[in-house]
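Listing of entry23.txt, compact mmCIF, C-alpha atoms
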# COMPACT_ATOMS: atom_id res chain seq x y z
CA MET A 279 34.23 -35.15 6.64
CA SER A 280 35.18 -38.61 7.84
CA ASN A 281 36.99 -40.70 5.25
CA ILE A 282 36.70 -44.35 6.18
CA LEU A 283 38.63 -45.60 3.15
CA GLU A 284 41.69 -43.45 3.88
CA GLU A 285 41.53 -44.23 7.60
CA GLY A 286 41.80 -47.89 6.66
CA LEU A 287 44.57 -47.31 4.11
CA GLN A 288 46.65 -45.54 6.75
CA LYS A 289 46.70 -48.79 8.73
CA ILE A 290 48.02 -50.97 5.91
CA ILE A 291 50.07 -48.73 3.58
CA ALA A 292 53.29 -46.93 4.47
CA GLU A 293 52.74 -43.20 4.91
CA SER A 294 55.30 -42.34 2.22
CA ASP A 295 53.60 -44.64 -0.31
CA LEU A 296 50.14 -43.35 0.52
CA LYS A 297 51.29 -39.76 0.02
CA LYS A 298 52.72 -40.65 -3.39
CA LEU A 299 49.40 -42.18 -4.42
CA GLN A 300 47.38 -39.28 -3.05
CA ASN A 301 49.48 -36.75 -4.96
CA VAL A 302 49.83 -38.48 -8.33
CA ARG A 303 47.43 -37.79 -11.21
CA ILE A 304 46.33 -40.67 -13.43
CA GLY A 305 44.44 -40.45 -16.71
CA ILE A 306 42.09 -43.22 -17.80
CA ALA A 307 41.01 -43.18 -21.44
CA GLY A 308 37.87 -45.26 -21.85
CA LEU A 309 35.55 -46.11 -18.94
CA GLY A 310 34.32 -49.53 -20.00
CA GLY A 311 35.37 -52.95 -18.72
CA LEU A 312 39.02 -52.02 -18.32
CA GLY A 313 38.76 -48.34 -17.46
CA SER A 314 35.93 -48.48 -14.93
CA ASN A 315 37.55 -51.39 -13.10
CA CYS A 316 40.95 -49.67 -13.15
CA ALA A 317 39.45 -46.50 -11.69
CA MET A 318 37.88 -48.38 -8.78
CA LEU A 319 41.02 -50.44 -8.12
CA LEU A 320 43.24 -47.37 -8.07
CA ALA A 321 40.83 -45.38 -5.91
CA ARG A 322 40.76 -48.27 -3.44
CA SER A 323 44.58 -48.18 -3.46
CA GLY A 324 44.68 -44.54 -2.38
CA VAL A 325 44.86 -42.62 -5.65
CA ARG A 326 42.92 -39.35 -5.38
CA ASN A 327 43.46 -37.51 -8.66
CA PHE A 328 42.01 -38.76 -11.93
CA VAL A 329 41.37 -37.56 -15.45
CA LEU A 330 38.51 -39.67 -16.82
CA ILE A 331 37.54 -39.56 -20.49
CA ASP A 332 34.67 -41.30 -22.29
CA TYR A 333 31.78 -40.13 -24.45
CA ASP A 334 29.55 -43.23 -24.11
CA LYS A 335 26.50 -43.82 -21.98
CA VAL A 336 25.97 -46.89 -19.82
CA GLU A 337 24.11 -49.70 -21.61
CA ALA A 338 22.60 -52.93 -20.31
CA SER A 339 25.26 -54.92 -22.17
CA ASN A 340 27.95 -53.19 -20.08
CA LEU A 341 26.76 -54.55 -16.74
CA ASN A 342 28.40 -57.98 -17.04
CA ARG A 343 31.95 -56.58 -16.68
CA GLN A 344 31.89 -52.85 -15.94
CA GLN A 345 31.59 -50.94 -12.65
CA TYR A 346 27.99 -49.88 -13.21
CA MET A 347 24.58 -50.81 -11.83
CA PRO A 348 21.21 -51.18 -13.56
CA TYR A 349 20.16 -47.74 -12.33
CA ASP A 350 23.14 -46.25 -14.20
CA VAL A 351 21.84 -47.32 -17.62
CA GLY A 352 21.38 -44.25 -19.81
CA LEU A 353 23.76 -42.05 -17.85
CA PRO A 354 27.06 -40.82 -19.29
CA LYS A 355 29.80 -43.15 -18.09
CA THR A 356 31.77 -40.20 -16.71
CA GLN A 357 28.80 -39.24 -14.51
CA ALA A 358 27.94 -42.76 -13.35
CA LEU A 359 31.52 -43.71 -12.55
CA SER A 360 32.27 -40.43 -10.78
CA GLN A 361 29.29 -41.01 -8.48
CA ARG A 362 30.56 -44.47 -7.54
CA LEU A 363 34.10 -43.23 -7.00
CA MET A 364 33.01 -40.29 -4.85
CA SER A 365 30.85 -42.55 -2.71
CA LEU A 366 34.00 -44.56 -2.00
CA ASN A 367 36.23 -41.55 -1.31
CA PRO A 368 34.75 -38.05 -1.16
CA LYS A 369 38.26 -36.54 -1.26
CA LEU A 370 38.81 -37.53 -4.87
CA ASN A 371 39.66 -34.86 -7.42
CA LEU A 372 38.05 -35.91 -10.71
CA THR A 373 38.48 -34.21 -14.06
CA LEU A 374 35.62 -35.54 -16.19
CA LEU A 375 35.87 -35.29 -19.97
CA ASN A 376 32.62 -36.43 -21.55
CA THR A 377 34.02 -36.23 -25.06
CA ARG A 378 35.47 -38.28 -27.87
CA LEU A 379 39.27 -38.30 -28.21
CA THR A 380 40.26 -36.67 -31.51
CA GLU A 381 43.35 -35.51 -33.35
CA GLU A 382 42.40 -31.97 -32.36
CA ASN A 383 41.99 -32.45 -28.60
CA CYS A 384 44.30 -35.39 -27.81
CA GLN A 385 47.51 -33.45 -27.31
CA ALA A 386 45.92 -31.09 -24.79
CA ILE A 387 44.21 -33.96 -22.96
CA VAL A 388 47.31 -36.11 -22.47
CA GLN A 389 49.08 -33.13 -20.90
CA LYS A 390 46.66 -33.36 -17.98
CA ALA A 391 48.36 -36.41 -16.40
CA PRO A 392 51.84 -37.99 -16.33
CA TYR A 393 50.40 -41.52 -16.22
CA TRP A 394 47.79 -42.96 -18.58
CA LEU A 395 45.78 -46.15 -18.77
CA GLU A 396 44.59 -46.83 -22.32
CA ALA A 397 41.25 -48.63 -22.11
CA PHE A 398 39.58 -47.92 -25.45
CA ASP A 399 37.89 -50.48 -27.73
CA ALA A 400 38.67 -48.92 -31.11
CA PRO A 401 42.20 -49.48 -32.49
CA GLN A 402 42.34 -45.94 -33.88
CA ALA A 403 41.57 -44.41 -30.49
CA LYS A 404 44.11 -46.70 -28.82
CA ALA A 405 46.86 -45.63 -31.20
CA LEU A 406 45.95 -41.95 -30.91
CA LEU A 407 46.11 -41.97 -27.12
CA VAL A 408 49.30 -44.00 -26.87
CA GLU A 409 51.20 -42.03 -29.51
CA ASN A 410 50.30 -38.64 -28.05
CA ALA A 411 50.88 -39.71 -24.44
CA LEU A 412 54.34 -41.07 -25.26
CA LEU A 413 55.20 -37.88 -27.11
CA ALA A 414 54.20 -36.01 -23.95
CA LYS A 415 56.68 -38.19 -21.98
CA ALA A 416 53.87 -39.90 -20.06
CA PHE A 417 54.04 -43.48 -18.79
CA VAL A 418 51.34 -45.56 -20.49
CA VAL A 419 49.78 -48.94 -19.76
CA ALA A 420 47.64 -50.23 -22.63
CA ALA A 421 45.68 -53.39 -23.42
CA SER A 422 45.35 -55.62 -26.47
CA GLY A 423 43.26 -58.79 -26.66
CA VAL A 424 41.62 -59.29 -23.27
CA GLY A 425 38.39 -60.98 -24.33
CA GLY A 426 37.26 -64.60 -24.04
CA PHE A 427 38.07 -66.99 -21.21
CA GLY A 428 40.61 -69.67 -20.43
CA PRO A 429 44.03 -69.94 -22.09
CA PRO A 430 46.19 -68.37 -23.30
CA PRO A 431 47.00 -66.38 -20.17
CA LEU A 432 47.48 -62.65 -20.15
CA GLN A 433 51.04 -61.45 -20.70
CA THR A 434 52.88 -58.15 -20.82
CA LYS A 435 55.16 -56.53 -23.38
CA SER A 436 57.27 -53.53 -22.48
CA PHE A 437 58.56 -50.76 -24.75
CA ASN A 438 60.33 -48.01 -22.79
CA ASN A 439 57.47 -45.93 -21.27
CA LEU A 440 54.78 -48.25 -22.65
CA VAL A 441 53.58 -51.56 -21.20
CA VAL A 442 50.89 -53.56 -23.02
CA VAL A 443 48.74 -56.21 -21.35
CA GLY A 444 46.97 -58.90 -23.37
CA THR A 445 46.91 -62.38 -24.85
CA PHE A 446 48.21 -61.01 -28.16
CA VAL A 447 46.11 -63.63 -29.95
CA GLU A 448 43.60 -62.79 -32.70
CA ASP A 449 40.60 -65.08 -32.32
CA SER A 450 36.95 -64.31 -33.12
CA ALA A 451 35.87 -66.32 -30.06
CA ARG A 452 37.76 -63.84 -27.92
CA GLN A 453 35.63 -60.89 -29.01
CA ILE A 454 33.15 -61.71 -26.23
CA MET A 455 34.14 -59.81 -23.11
CA TRP A 456 33.85 -62.01 -20.04
CA ALA A 457 34.19 -60.39 -16.62
CA PRO A 458 37.01 -62.62 -15.27
CA LYS A 459 39.46 -61.98 -18.12
CA VAL A 460 38.60 -58.27 -18.33
CA THR A 461 38.97 -57.66 -14.60
CA TRP A 462 42.17 -59.73 -14.58
CA ALA A 463 43.57 -57.44 -17.27
CA ALA A 464 42.47 -54.33 -15.35
CA SER A 465 44.16 -55.66 -12.22
CA MET A 466 47.39 -56.30 -14.12
CA MET A 467 47.30 -52.81 -15.61
CA CYS A 468 46.85 -51.21 -12.19
CA ASP A 469 49.56 -53.36 -10.62
CA ILE A 470 52.02 -52.30 -13.33
CA LEU A 471 51.13 -48.66 -12.78
CA LEU A 472 51.40 -48.88 -8.99
CA ASN A 473 54.82 -50.48 -9.35
CA GLN A 474 55.91 -47.65 -11.63
CA ILE A 475 54.68 -44.98 -9.21
CA LEU A 476 55.86 -46.52 -5.95
CA LYS A 477 59.09 -48.20 -7.01
CA ASN A 478 60.41 -45.80 -9.61
CA THR A 479 59.59 -42.36 -8.23
With the file now loaded, output its structure as structure tokens.
Amino acid sequence: MSNILEEGLQKIIAESDLKKLQNVRIGIAGLGGLGSNCAMLLARSGVRNFVLIDYDKVEASNLNRQQYMPYDVGLPKTQALSQRLMSLNPKLNLTLLNTRLTEENCQAIVQKAPYWLEAFDAPQAKALLVENALLAKAFVVAASGVGGFGPPPLQTKSFNNLVVVGTFVEDSARQIMWAPKVTWAASMMCDILLNQILKNT
């Protein structure tokens, strides 16, 4: 089957880098504004292997910032996003986990990938994923405070195998998720991860 995306990538990315991206496996926990955008950005960059986890369904309120269309409303996010990703690159290898992350299943799930993007909304789920992934020696990029618009700008904080992206400002006005700030954060998260994969492996 012809793969137009990868034919194009071969023209602009070094063969050694493209092979690294095609062979690596990346987990994305949460497929909302951050996770769905991260998945598309990484797939467009040449990543083939993903572990995608989310138990939600697509809602109308998701469409302003997430990689879904009106016809996806009501579908599980894992199903809707996998369809979009496979239409971009039919060679993708997707492990879809339509489930909630829990104390009981988290340890087994984080073992499925050496790199994780934490893209949950709930603080408890964020902490659960990050703690278990770090214990499993995974490299993790997480997010904290990416709502609102305008200043302050997004920043990063690094802690060994963990990098966190966010404004790190608590402000009720920033609870509204605007597409520019959310997609900016997703882009930063992916850039950090690509740097880790391509420059440090």
Next on the checklist: Residues within 7 Å of segment 343-350 of chain A, please, as JSON, numbers by chain. Count all atoms listed in the file; anything in the same chain fewer than 5 positions from it doesn't count.
Outcome noted: {"A": [310, 311, 314, 315, 336, 358, 456, 457]}
Item to check | Residue nearest Ile282 of chain A among A:Lys369, A:Arg362, A:Lys297, A:Arg303 (counting all atoms listed in the file) | outcome: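 Closest residue, counting all atoms listed in the file: A:Lys369.
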Checklist entry - Which value, in Å to one decimal, gives the distance between atom CA of Asn371 of chain A and atom CA of Val325 of chain A? => result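 Atom CA of Val325 of chain A lies at a distance of 9.5 Å from atom CA of Asn371 of chain A.
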Checklist entry - Of the residues A:Lys477, A:Gln385, A:Leu341, A:Leu312, which is the one nearest to Gly444 of chain A, using only C-alpha atoms? => result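 Distance minimum relative to Gly444 of chain A lands on A:Leu312.
If you measure from each of A:Ala405, A:Ala386, A:Leu395, A:Leu366 to Leu471 of chain A using all atoms listed in the file, the closest one turns out to be A:Leu395.
In this model, the gap between atom CA of Pro354 of chain A and atom CA of Asn410 of chain A comes to 24.9 Å.
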Next on the checklist: When you count only C-alpha atoms, which of these residues is closest to Leu374 of chain A: A:Asn327, A:Ser339, A:Gln453, A:Ser294?
Outcome noted: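 Residue with the minimum atom-to-atom distance to Leu374 of chain A: A:Asn327.
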Item to check | Nearest to Asn281 of chain A, chosen from A:Ile304, A:Asn367, A:Cys468, A:Arg322, with all atoms listed in the file counted in the distances | outcome: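 Ranked by minimum distance to Asn281 of chain A, first place goes to A:Asn367.
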With a distance cut-off of 7 Å and all atoms listed in the file, select the neighbouring residues of Gly423 of chain A, excluding the residue or stretch itself and same-chain residues fewer than 6 positions from it, and output the selection as an mmCIF file with C-alpha atoms, in the coordinates of the input.
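So the final result, stored in around-v5.cif, reads:
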data_model
loop_
_atom_site.group_PDB
_atom_site.id
_atom_site.type_symbol
_atom_site.label_atom_id
_atom_site.label_comp_id
_atom_site.auth_asym_id
_atom_site.auth_seq_id
_atom_site.Cartn_x
_atom_site.Cartn_y
_atom_site.Cartn_z
ATOM 1 C CA GLY A 444 46.970 -58.900 -23.370
ATOM 2 C CA THR A 445 46.910 -62.380 -24.850
ATOM 3 C CA PHE A 446 48.210 -61.010 -28.160
ATOM 4 C CA VAL A 447 46.110 -63.630 -29.950
#
Tell me, as a PDB file with C-alpha atoms, keeping the file's coordinate frame, which residues lie within 10 Å of Phe417 of chain A, counting all atoms listed in the file; anything in the same chain fewer than 3 positions away does not count.
ATOM      1  CA  ILE A 304      46.330 -40.670 -13.430  1.00  0.00           C
ATOM      2  CA  ALA A 391      48.360 -36.410 -16.400  1.00  0.00           C
ATOM      3  CA  PRO A 392      51.840 -37.990 -16.330  1.00  0.00           C
ATOM      4  CA  TYR A 393      50.400 -41.520 -16.220  1.00  0.00           C
ATOM      5  CA  TRP A 394      47.790 -42.960 -18.580  1.00  0.00           C
ATOM      6  CA  LEU A 395      45.780 -46.150 -18.770  1.00  0.00           C
ATOM      7  CA  VAL A 408      49.300 -44.000 -26.870  1.00  0.00           C
ATOM      8  CA  ALA A 411      50.880 -39.710 -24.440  1.00  0.00           C
ATOM      9  CA  LEU A 412      54.340 -41.070 -25.260  1.00  0.00           C
ATOM     10  CA  ALA A 414      54.200 -36.010 -23.950  1.00  0.00           C
ATOM     11  CA  ASN A 438      60.330 -48.010 -22.790  1.00  0.00           C
ATOM     12  CA  ASN A 439      57.470 -45.930 -21.270  1.00  0.00           C
ATOM     13  CA  LEU A 440      54.780 -48.250 -22.650  1.00  0.00           C
ATOM     14  CA  VAL A 441      53.580 -51.560 -21.200  1.00  0.00           C
ATOM     15  CA  LEU A 471      51.130 -48.660 -12.780  1.00  0.00           C
ATOM     16  CA  GLN A 474      55.910 -47.650 -11.630  1.00  0.00           C
ATOM     17  CA  ILE A 475      54.680 -44.980  -9.210  1.00  0.00           C
TER      18      ILE A 475
END
